[in-house]
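For reference, the structure is listed below as structure tokens.
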Amino acid sequence: MQQLLVYPFMVSALEAGTIVAVVAAVAGWFMVLRRQSFAGHTLSVMSFPGASGAALAGWPLPVGYFVACAVAAVAIAGGSLRRGARDRRQESAVIGTVQVAGFALGFVFLSRYNGVLESLESLLFGSFLGITRSQVETLLGVGLGTLAFFAVAGRPLLYASVDEPLARAHGVPVRLLHVAFLLVLGLAVAATAQITGVLLVFALLVAPAAAARQVTARIGLGLALTAAIGLVVTWVGLGLAYFTDRSSGFYVTTLAFGIYLAACAGRWLARRFA
Amino acid sequence: MAAIELRDAAVRRGGETVWSDATLEIEPGELVAVLGPNGAGKSTLLRLLLGLEPLSAGSVRVLGGEPGARNERIGYLPQRHGVDTAIRIRGVDIVRLGLDGNRFGLPLSGRAAARERVSEAIARVGADAYARRPIGELSGGEQQRLLIAQALVGAPELLFLDEPLDGLDLPNQTAVSALLSRISRSDNVTVLLVAHDVNPLLPYVERVVYIARGKVVAGAPEQVITSKTLSDLYGVPVEVLRASDGRLVVVGEPEAPAHHGAHHAH
């Protein structure tokens with residue numbers, strides 16, 4: 001393992017992976033709680049218009065990602081609020097619409113760009129080879145920002161997620177938190193997509209949280225376990241990708257899903273023999 | 001000082017009057033049932049007292065202040081509060097949210113004291129045995145007890161419960177009614193609860209507020225739940241009969257008219 005750390009690109013990859021794993025874990029835990037996985041998925045595919053828009057505008061790719069995810073987050077939030085409360089029935093339709101609009105925009109940008117987009121494979125499945133120091137620094141900033149959000153607003157967000165009418169009666173600004181959470185989720189997704197690629201953001205956003213939920217219903221323990229699973233999956237995945245020749249995305253996803261299955265099996269066994 | 005005071009109060013929504021000319025006083029420590037047909041405006045009364053619904057006429061005082069000003073001294077259990085069964089959050093954490101869930105920042109100080117108060121509240125409602133399980137796995141009666149604990153954990157002076165007995169079987173209805181009465185007496189908590197059927201509450205209720213047809217009548221149960229009072233209220237002949245086991249049966253209550261503008265804003 002030591003030989004890995006000799007290479008600067010591996011160090012950058014591991015640093016970026018660590019930040020992303022923790023951010024995705026915390027954001028994913030809340031996302032799974034709030035049953036907003038569809039929103040999370042849509043935000044991740046927003047990187048297509050993000051990437052093509054960035055190419056067209058001459059911006060760096062990550063900027064395109066962040067902007068696209070932020071815009072989509074606000075669109076979803078705006079469309080899914082009714083009379084000051086979260087409208088779950090409308091939410092799916094709004095998210096689907098945003099996804100379609102995003103793809104349409106992506107194609108428009110692409111056709112006007114008239115150039116060649118960066119390698120499709122790394123866009124979709126992630127690549128840890130090209131992570132630069134400045135990317136790591138950006139990720140660190142985004143990571144600290146999102147974790148600060150959860151440290152400050154986590155409690156009222158939990159309350160609003162578990163029991164919106166009661167939280168509102170107790171003065172929790174549920175509408176503001178609804179919008180703010182989607183924005184932060186967008187940031188987390190945009191950051192994660194740079195490591196796992198667009199299609200496999202789910203590996204770090206959903207699987208660790210879902211696995212932790214199988215093991216415990218406790219809040220603090222659940223968050224810690226989600227982060228731990230995310231970190232293990234990322235480090236082992238990156239390490240395996242280095243030693244073999246497959247993409248990191250493949251290993252991270254497989255490991256994440258494997259741990260989820262193991263957690264389900266463990267719970268089933270505990271039930272049977274309790 | 002009365003815990004709750006209404007003088008000629010009225011609530012209008014969407015151009016229609018929900019109810020008007022409401023005058024009543026509720027003393028601290030009373031257990032009050034709010035009764036009436038669906039859509040009469042019972043939940044509206046609770047929401048008005050919490051400052052969630054604007055007052056259209058008259059005056060309202062809650063704990064001596066404007067509605068909404070004293071909400072940290074009021075515990076509230078909104079209507080149809082079945083918990084999402086997929087939510088894997090423990091009952092004890094749900095109760096804790098009632099204490100400080102609306103505060104920003106990490107709960108760094110006072111955690112031991114908070115845990116104490118949560119345990120106490122859970123013990124008061126008799127939910128110790130199952131409070132550490134995910135609330136979604138519990139039965140209706142068990143969930144309701146934990147939600148009552150959540151409303152109680154802040155040591156409120158007033159407790160507002162909107163149809164807390166809905167969806168519970170009869171033994172649970174009786175048990176929860178008895179629990180609320182115990183809490184009301186021992187802690188001098190004023191309990192205001194909306195119910196469809198007064199019978200499980202009859203042994204414990206000191207005052208009844210009956211809302212129907214835009215009118216509000218308050219008084220002791222034996223004054224309000226009578227054939228005469230209800231007939232006057234509805235404007236059609238209504239009979240109140242007492243069954244041999246002491247239960248009250250209301251016969252002839254007309255259907256609640258459809259409210260076009262009044263949404264069920266619960």
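Convention: chains lettered A, B, ... in structure tokens order; per-chain residue numbering from 1; ligands numbered from 1 as shown.
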Can I get the residues of chain B within 10 Å of chain A, each with the closest pair of atoms and their distance in Å to one decimal, using only C-alpha atoms, sorted chain first then ascending number, as JSON lines?
{"residue": "B:Arg47", "atom": "CA", "partner": "A:Ala169", "partner_atom": "CA", "distance": 9.1}
{"residue": "B:Leu50", "atom": "CA", "partner": "A:Ala169", "partner_atom": "CA", "distance": 7.9}
{"residue": "B:Gly51", "atom": "CA", "partner": "A:Ala169", "partner_atom": "CA", "distance": 9.0}
{"residue": "B:Leu52", "atom": "CA", "partner": "A:Ala169", "partner_atom": "CA", "distance": 7.5}
{"residue": "B:Gly68", "atom": "CA", "partner": "A:Ala169", "partner_atom": "CA", "distance": 9.3}
{"residue": "B:Asn71", "atom": "CA", "partner": "A:His170", "partner_atom": "CA", "distance": 7.4}
{"residue": "B:Glu72", "atom": "CA", "partner": "A:His170", "partner_atom": "CA", "distance": 7.6}
{"residue": "B:Ile74", "atom": "CA", "partner": "A:His170", "partner_atom": "CA", "distance": 9.6}
{"residue": "B:Gly75", "atom": "CA", "partner": "A:His170", "partner_atom": "CA", "distance": 9.4}
{"residue": "B:Tyr76", "atom": "CA", "partner": "A:Leu166", "partner_atom": "CA", "distance": 7.5}
{"residue": "B:Leu77", "atom": "CA", "partner": "A:Leu166", "partner_atom": "CA", "distance": 7.4}
{"residue": "B:Pro78", "atom": "CA", "partner": "A:Leu166", "partner_atom": "CA", "distance": 6.8}
{"residue": "B:Gln79", "atom": "CA", "partner": "A:Pro165", "partner_atom": "CA", "distance": 9.5}
{"residue": "B:His81", "atom": "CA", "partner": "A:Asp163", "partner_atom": "CA", "distance": 8.9}
{"residue": "B:Val83", "atom": "CA", "partner": "A:Asp163", "partner_atom": "CA", "distance": 8.2}
{"residue": "B:Asp84", "atom": "CA", "partner": "A:Val162", "partner_atom": "CA", "distance": 8.4}
{"residue": "B:Ala86", "atom": "CA", "partner": "A:Leu33", "partner_atom": "CA", "distance": 9.1}
{"residue": "B:Ile87", "atom": "CA", "partner": "A:Leu33", "partner_atom": "CA", "distance": 7.0}
{"residue": "B:Arg88", "atom": "CA", "partner": "A:Ala217", "partner_atom": "CA", "distance": 5.2}
{"residue": "B:Ile89", "atom": "CA", "partner": "A:Ala217", "partner_atom": "CA", "distance": 5.2}
{"residue": "B:Arg90", "atom": "CA", "partner": "A:Ala217", "partner_atom": "CA", "distance": 6.1}
{"residue": "B:Gly91", "atom": "CA", "partner": "A:Ala217", "partner_atom": "CA", "distance": 9.8}
{"residue": "B:Val92", "atom": "CA", "partner": "A:Arg218", "partner_atom": "CA", "distance": 9.6}
{"residue": "B:Asp93", "atom": "CA", "partner": "A:Arg218", "partner_atom": "CA", "distance": 7.9}
{"residue": "B:Ile94", "atom": "CA", "partner": "A:Val162", "partner_atom": "CA", "distance": 8.2}
{"residue": "B:Arg96", "atom": "CA", "partner": "A:Tyr159", "partner_atom": "CA", "distance": 9.9}
{"residue": "B:Leu97", "atom": "CA", "partner": "A:Tyr159", "partner_atom": "CA", "distance": 6.4}
{"residue": "B:Gly98", "atom": "CA", "partner": "A:His170", "partner_atom": "CA", "distance": 8.7}
{"residue": "B:Asp100", "atom": "CA", "partner": "A:Arg155", "partner_atom": "CA", "distance": 8.3}
{"residue": "B:Gly101", "atom": "CA", "partner": "A:Pro156", "partner_atom": "CA", "distance": 5.5}
{"residue": "B:Asn102", "atom": "CA", "partner": "A:Pro156", "partner_atom": "CA", "distance": 4.9}
{"residue": "B:Arg103", "atom": "CA", "partner": "A:Pro156", "partner_atom": "CA", "distance": 6.3}
{"residue": "B:Phe104", "atom": "CA", "partner": "A:Ala153", "partner_atom": "CA", "distance": 5.4}
{"residue": "B:Gly105", "atom": "CA", "partner": "A:Val152", "partner_atom": "CA", "distance": 3.9}
{"residue": "B:Leu106", "atom": "CA", "partner": "A:Ala151", "partner_atom": "CA", "distance": 5.7}
{"residue": "B:Pro107", "atom": "CA", "partner": "A:Arg155", "partner_atom": "CA", "distance": 8.2}
{"residue": "B:Arg132", "atom": "CA", "partner": "A:Arg218", "partner_atom": "CA", "distance": 9.0}
{"residue": "B:Arg133", "atom": "CA", "partner": "A:Ala217", "partner_atom": "CA", "distance": 7.9}
{"residue": "B:Pro134", "atom": "CA", "partner": "A:Ala217", "partner_atom": "CA", "distance": 6.3}
{"residue": "B:Ile135", "atom": "CA", "partner": "A:Ala217", "partner_atom": "CA", "distance": 9.6}
{"residue": "B:Ala151", "atom": "CA", "partner": "A:Leu166", "partner_atom": "CA", "distance": 9.7}
{"residue": "B:Ala265", "atom": "CA", "partner": "A:Arg83", "partner_atom": "CA", "distance": 9.6}
{"residue": "B:His266", "atom": "CA", "partner": "A:Pro165", "partner_atom": "CA", "distance": 8.1}
- Task: Fewer than 2 positions away in the same chain doesn't count, so skip those; otherwise give me all residues within 8 Å of A:Val45, counting only C-alpha atoms, as a PyMOL selection string.
- Result: chain A and resi 41-43+47-48+99+198-199
Take the residues that were just selected and, keeping N, CA and C atoms, output them as a PDB file, in the first residue's frame.
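Saved file part_25.pdb follows:
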ATOM      1  N   HIS A  41     -30.386  11.521  -8.093  1.00  0.00           N
ATOM      2  CA  HIS A  41     -29.996  10.943  -9.374  1.00  0.00           C
ATOM      3  C   HIS A  41     -30.083  11.984 -10.484  1.00  0.00           C
ATOM      4  N   THR A  42     -31.181  12.744 -10.490  1.00  0.00           N
ATOM      5  CA  THR A  42     -31.346  13.769 -11.524  1.00  0.00           C
ATOM      6  C   THR A  42     -30.235  14.797 -11.452  1.00  0.00           C
ATOM      7  N   LEU A  43     -29.889  15.189 -10.228  1.00  0.00           N
ATOM      8  CA  LEU A  43     -28.811  16.159 -10.088  1.00  0.00           C
ATOM      9  C   LEU A  43     -27.519  15.603 -10.686  1.00  0.00           C
ATOM     10  N   SER A  47     -24.872  16.812 -14.871  1.00  0.00           N
ATOM     11  CA  SER A  47     -23.506  17.084 -15.272  1.00  0.00           C
ATOM     12  C   SER A  47     -23.341  16.983 -16.780  1.00  0.00           C
ATOM     13  N   PHE A  48     -24.314  16.370 -17.471  1.00  0.00           N
ATOM     14  CA  PHE A  48     -24.232  16.350 -18.941  1.00  0.00           C
ATOM     15  C   PHE A  48     -24.415  17.760 -19.491  1.00  0.00           C
ATOM     16  N   GLN A  99     -35.170  16.755 -15.405  1.00  0.00           N
ATOM     17  CA  GLN A  99     -34.209  15.859 -16.033  1.00  0.00           C
ATOM     18  C   GLN A  99     -34.288  15.957 -17.549  1.00  0.00           C
ATOM     19  N   VAL A 198     -20.493  10.305 -13.574  1.00  0.00           N
ATOM     20  CA  VAL A 198     -21.877  10.707 -13.439  1.00  0.00           C
ATOM     21  C   VAL A 198     -22.800   9.557 -13.089  1.00  0.00           C
ATOM     22  N   LEU A 199     -22.580   8.421 -13.696  1.00  0.00           N
ATOM     23  CA  LEU A 199     -23.530   7.330 -13.527  1.00  0.00           C
ATOM     24  C   LEU A 199     -23.415   6.662 -12.171  1.00  0.00           C
TER      25      LEU A 199
END
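Using only C-alpha atoms for every distance, the candidate list B:Gln144, B:Asn38, B:Ser43, B:Gln173 yields B:Gln173 as the residue closest to B:Asn199.
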- Message: When you look at A:Ala77 with a cut-off of 12 Å (counting only C-alpha atoms), what residues show up, excluding the ones that are within fewer than 4 positions of it in the same chain? I need them as number ranges by chain.
- Response: A: 36, 39, 43, 70-73, 81-82, 84-88, 90-92, 94-95, 98, 174-186
- DSSP strand (DSSP E or B) residues within stretch 21-77 of chain B, listed as a list in words: Asp21, Ala22, Thr23, Leu24, Glu25, Ile26, Leu31, Val32, Ala33, Val34, Leu35, Ala57, Gly58, Ser59, Val60, Arg61, Val62, Gly65, Ile74, Gly75, Tyr76 and Leu77 of chain B
Now that the selection is made, can you save its residues with N, CA and C atoms as a PDB file, in the first residue's frame?
ATOM      1  N   ASP B  21     -68.605  34.347  16.656  1.00  0.00           N
ATOM      2  CA  ASP B  21     -69.209  34.581  17.973  1.00  0.00           C
ATOM      3  C   ASP B  21     -68.781  33.537  18.984  1.00  0.00           C
ATOM      4  N   ALA B  22     -67.515  33.210  18.975  1.00  0.00           N
ATOM      5  CA  ALA B  22     -67.016  32.220  19.930  1.00  0.00           C
ATOM      6  C   ALA B  22     -66.528  32.935  21.170  1.00  0.00           C
ATOM      7  N   THR B  23     -67.169  32.630  22.296  1.00  0.00           N
ATOM      8  CA  THR B  23     -66.741  33.202  23.579  1.00  0.00           C
ATOM      9  C   THR B  23     -66.595  32.079  24.568  1.00  0.00           C
ATOM     10  N   LEU B  24     -65.392  31.883  25.076  1.00  0.00           N
ATOM     11  CA  LEU B  24     -65.187  30.849  26.085  1.00  0.00           C
ATOM     12  C   LEU B  24     -63.903  31.097  26.850  1.00  0.00           C
ATOM     13  N   GLU B  25     -63.858  30.505  28.036  1.00  0.00           N
ATOM     14  CA  GLU B  25     -62.689  30.603  28.890  1.00  0.00           C
ATOM     15  C   GLU B  25     -62.315  29.217  29.366  1.00  0.00           C
ATOM     16  N   ILE B  26     -61.035  28.916  29.296  1.00  0.00           N
ATOM     17  CA  ILE B  26     -60.579  27.609  29.788  1.00  0.00           C
ATOM     18  C   ILE B  26     -59.544  27.856  30.869  1.00  0.00           C
ATOM     19  N   LEU B  31     -59.323  19.554  31.398  1.00  0.00           N
ATOM     20  CA  LEU B  31     -59.264  18.667  30.241  1.00  0.00           C
ATOM     21  C   LEU B  31     -60.505  18.969  29.413  1.00  0.00           C
ATOM     22  N   VAL B  32     -60.292  19.446  28.191  1.00  0.00           N
ATOM     23  CA  VAL B  32     -61.388  19.942  27.373  1.00  0.00           C
ATOM     24  C   VAL B  32     -61.466  19.147  26.084  1.00  0.00           C
ATOM     25  N   ALA B  33     -62.683  18.712  25.747  1.00  0.00           N
ATOM     26  CA  ALA B  33     -62.871  18.018  24.472  1.00  0.00           C
ATOM     27  C   ALA B  33     -63.487  18.978  23.470  1.00  0.00           C
ATOM     28  N   VAL B  34     -62.971  19.024  22.269  1.00  0.00           N
ATOM     29  CA  VAL B  34     -63.525  19.847  21.196  1.00  0.00           C
ATOM     30  C   VAL B  34     -64.225  18.899  20.236  1.00  0.00           C
ATOM     31  N   LEU B  35     -65.541  19.054  20.142  1.00  0.00           N
ATOM     32  CA  LEU B  35     -66.328  18.096  19.376  1.00  0.00           C
ATOM     33  C   LEU B  35     -67.064  18.787  18.242  1.00  0.00           C
ATOM     34  N   ALA B  57     -62.087  38.162  13.672  1.00  0.00           N
ATOM     35  CA  ALA B  57     -62.866  39.108  14.497  1.00  0.00           C
ATOM     36  C   ALA B  57     -62.685  38.724  15.951  1.00  0.00           C
ATOM     37  N   GLY B  58     -62.962  39.672  16.846  1.00  0.00           N
ATOM     38  CA  GLY B  58     -62.911  39.370  18.269  1.00  0.00           C
ATOM     39  C   GLY B  58     -61.490  39.276  18.782  1.00  0.00           C
ATOM     40  N   SER B  59     -61.312  38.694  19.959  1.00  0.00           N
ATOM     41  CA  SER B  59     -59.977  38.609  20.547  1.00  0.00           C
ATOM     42  C   SER B  59     -59.713  37.222  21.094  1.00  0.00           C
ATOM     43  N   VAL B  60     -58.452  36.869  21.096  1.00  0.00           N
ATOM     44  CA  VAL B  60     -58.009  35.573  21.603  1.00  0.00           C
ATOM     45  C   VAL B  60     -56.795  35.789  22.486  1.00  0.00           C
ATOM     46  N   ARG B  61     -56.804  35.160  23.650  1.00  0.00           N
ATOM     47  CA  ARG B  61     -55.622  35.226  24.518  1.00  0.00           C
ATOM     48  C   ARG B  61     -55.215  33.812  24.888  1.00  0.00           C
ATOM     49  N   VAL B  62     -53.959  33.503  24.685  1.00  0.00           N
ATOM     50  CA  VAL B  62     -53.431  32.191  25.060  1.00  0.00           C
ATOM     51  C   VAL B  62     -52.316  32.420  26.074  1.00  0.00           C
ATOM     52  N   GLY B  65     -51.222  35.881  26.337  1.00  0.00           N
ATOM     53  CA  GLY B  65     -50.575  36.601  25.251  1.00  0.00           C
ATOM     54  C   GLY B  65     -51.264  36.348  23.917  1.00  0.00           C
ATOM     55  N   ILE B  74     -46.379  25.352  24.709  1.00  0.00           N
ATOM     56  CA  ILE B  74     -47.502  24.537  24.255  1.00  0.00           C
ATOM     57  C   ILE B  74     -46.984  23.291  23.534  1.00  0.00           C
ATOM     58  N   GLY B  75     -47.528  22.144  23.905  1.00  0.00           N
ATOM     59  CA  GLY B  75     -47.209  20.912  23.191  1.00  0.00           C
ATOM     60  C   GLY B  75     -48.317  20.654  22.172  1.00  0.00           C
ATOM     61  N   TYR B  76     -47.948  20.169  20.994  1.00  0.00           N
ATOM     62  CA  TYR B  76     -48.940  20.060  19.914  1.00  0.00           C
ATOM     63  C   TYR B  76     -48.803  18.736  19.192  1.00  0.00           C
ATOM     64  N   LEU B  77     -49.904  18.072  18.986  1.00  0.00           N
ATOM     65  CA  LEU B  77     -49.930  16.840  18.214  1.00  0.00           C
ATOM     66  C   LEU B  77     -50.915  17.040  17.074  1.00  0.00           C
TER      67      LEU B  77
END
- Write out as a PyMOL selection string the residues lying within 10 Å of B:Lys42, counting only C-alpha atoms and excluding same-chain residues fewer than 6 positions away. chain B and resi 18-19+34-36+48+162-163+193-195+209-212+216
- Backbone-only DSSP, helix (DSSP H, G or I) members of stretch 40-175 of chain B, as a PyMOL selection string: chain B and resi 42-49+71-73+91-100+111-124+135-137+140-152+170-175
- Could you please determine the separation between atom CA of A:Leu105 and atom CA of A:Thr196 in Å, to one decimal place?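 Spanning atom CA of A:Leu105 to atom CA of A:Thr196 is a straight-line distance of 23.1 Å.
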- Item | Test item: residues at most 6 Å from stretch 17-25 of chain A, only C-alpha atoms, excluding those fewer than 3 positions along its chain, as a list in words | Ala13, Leu14, Gly28, Trp29, Gly143, Ala188, Thr192, Leu204, Leu205, Thr226, Ala227, Gly230 and Leu231 of chain A
Would you save the residues from that selection as a tab-separated table (two decimals), in the first residue's frame, using C-alpha atoms?
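Okay, part_23.tsv is ready:
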chain	number	residue	atom	x	y	z
A	13	ALA	CA	-7.01	10.81	-5.76
A	14	LEU	CA	-7.10	9.49	-2.21
A	28	GLY	CA	-26.77	10.74	1.20
A	29	TRP	CA	-27.93	9.85	4.71
A	143	GLY	CA	-16.61	19.64	1.54
A	188	ALA	CA	-22.35	17.07	-3.06
A	192	THR	CA	-18.85	13.21	-6.12
A	204	LEU	CA	-21.36	6.83	-2.67
A	205	LEU	CA	-24.59	8.67	-2.18
A	226	THR	CA	-22.33	5.72	6.61
A	227	ALA	CA	-19.15	7.79	6.49
A	230	GLY	CA	-18.05	5.39	2.22
A	231	LEU	CA	-14.40	5.78	3.17
- So which residues touch A:Ser127 within 10 Å, counting only C-alpha atoms, skipping near sequence neighbours fewer than 4 positions away, as a count of residues only? 15
- Long-range neighbours of A:Arg112 as number ranges by chain, 9 Å cut-off, only C-alpha atoms, 4 positions minimum in chain: A: 56, 107-108
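One distance worth recording is that between atom CA of A:Ala55 and atom CA of A:Ala68, which is 12.7 Å.
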- How many Å lie between atom CA of B:Ile183 and atom CA of B:Leu159, rounded to one decimal?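 According to the coordinates, atom CA of B:Ile183 and atom CA of B:Leu159 are separated by 10.0 Å.
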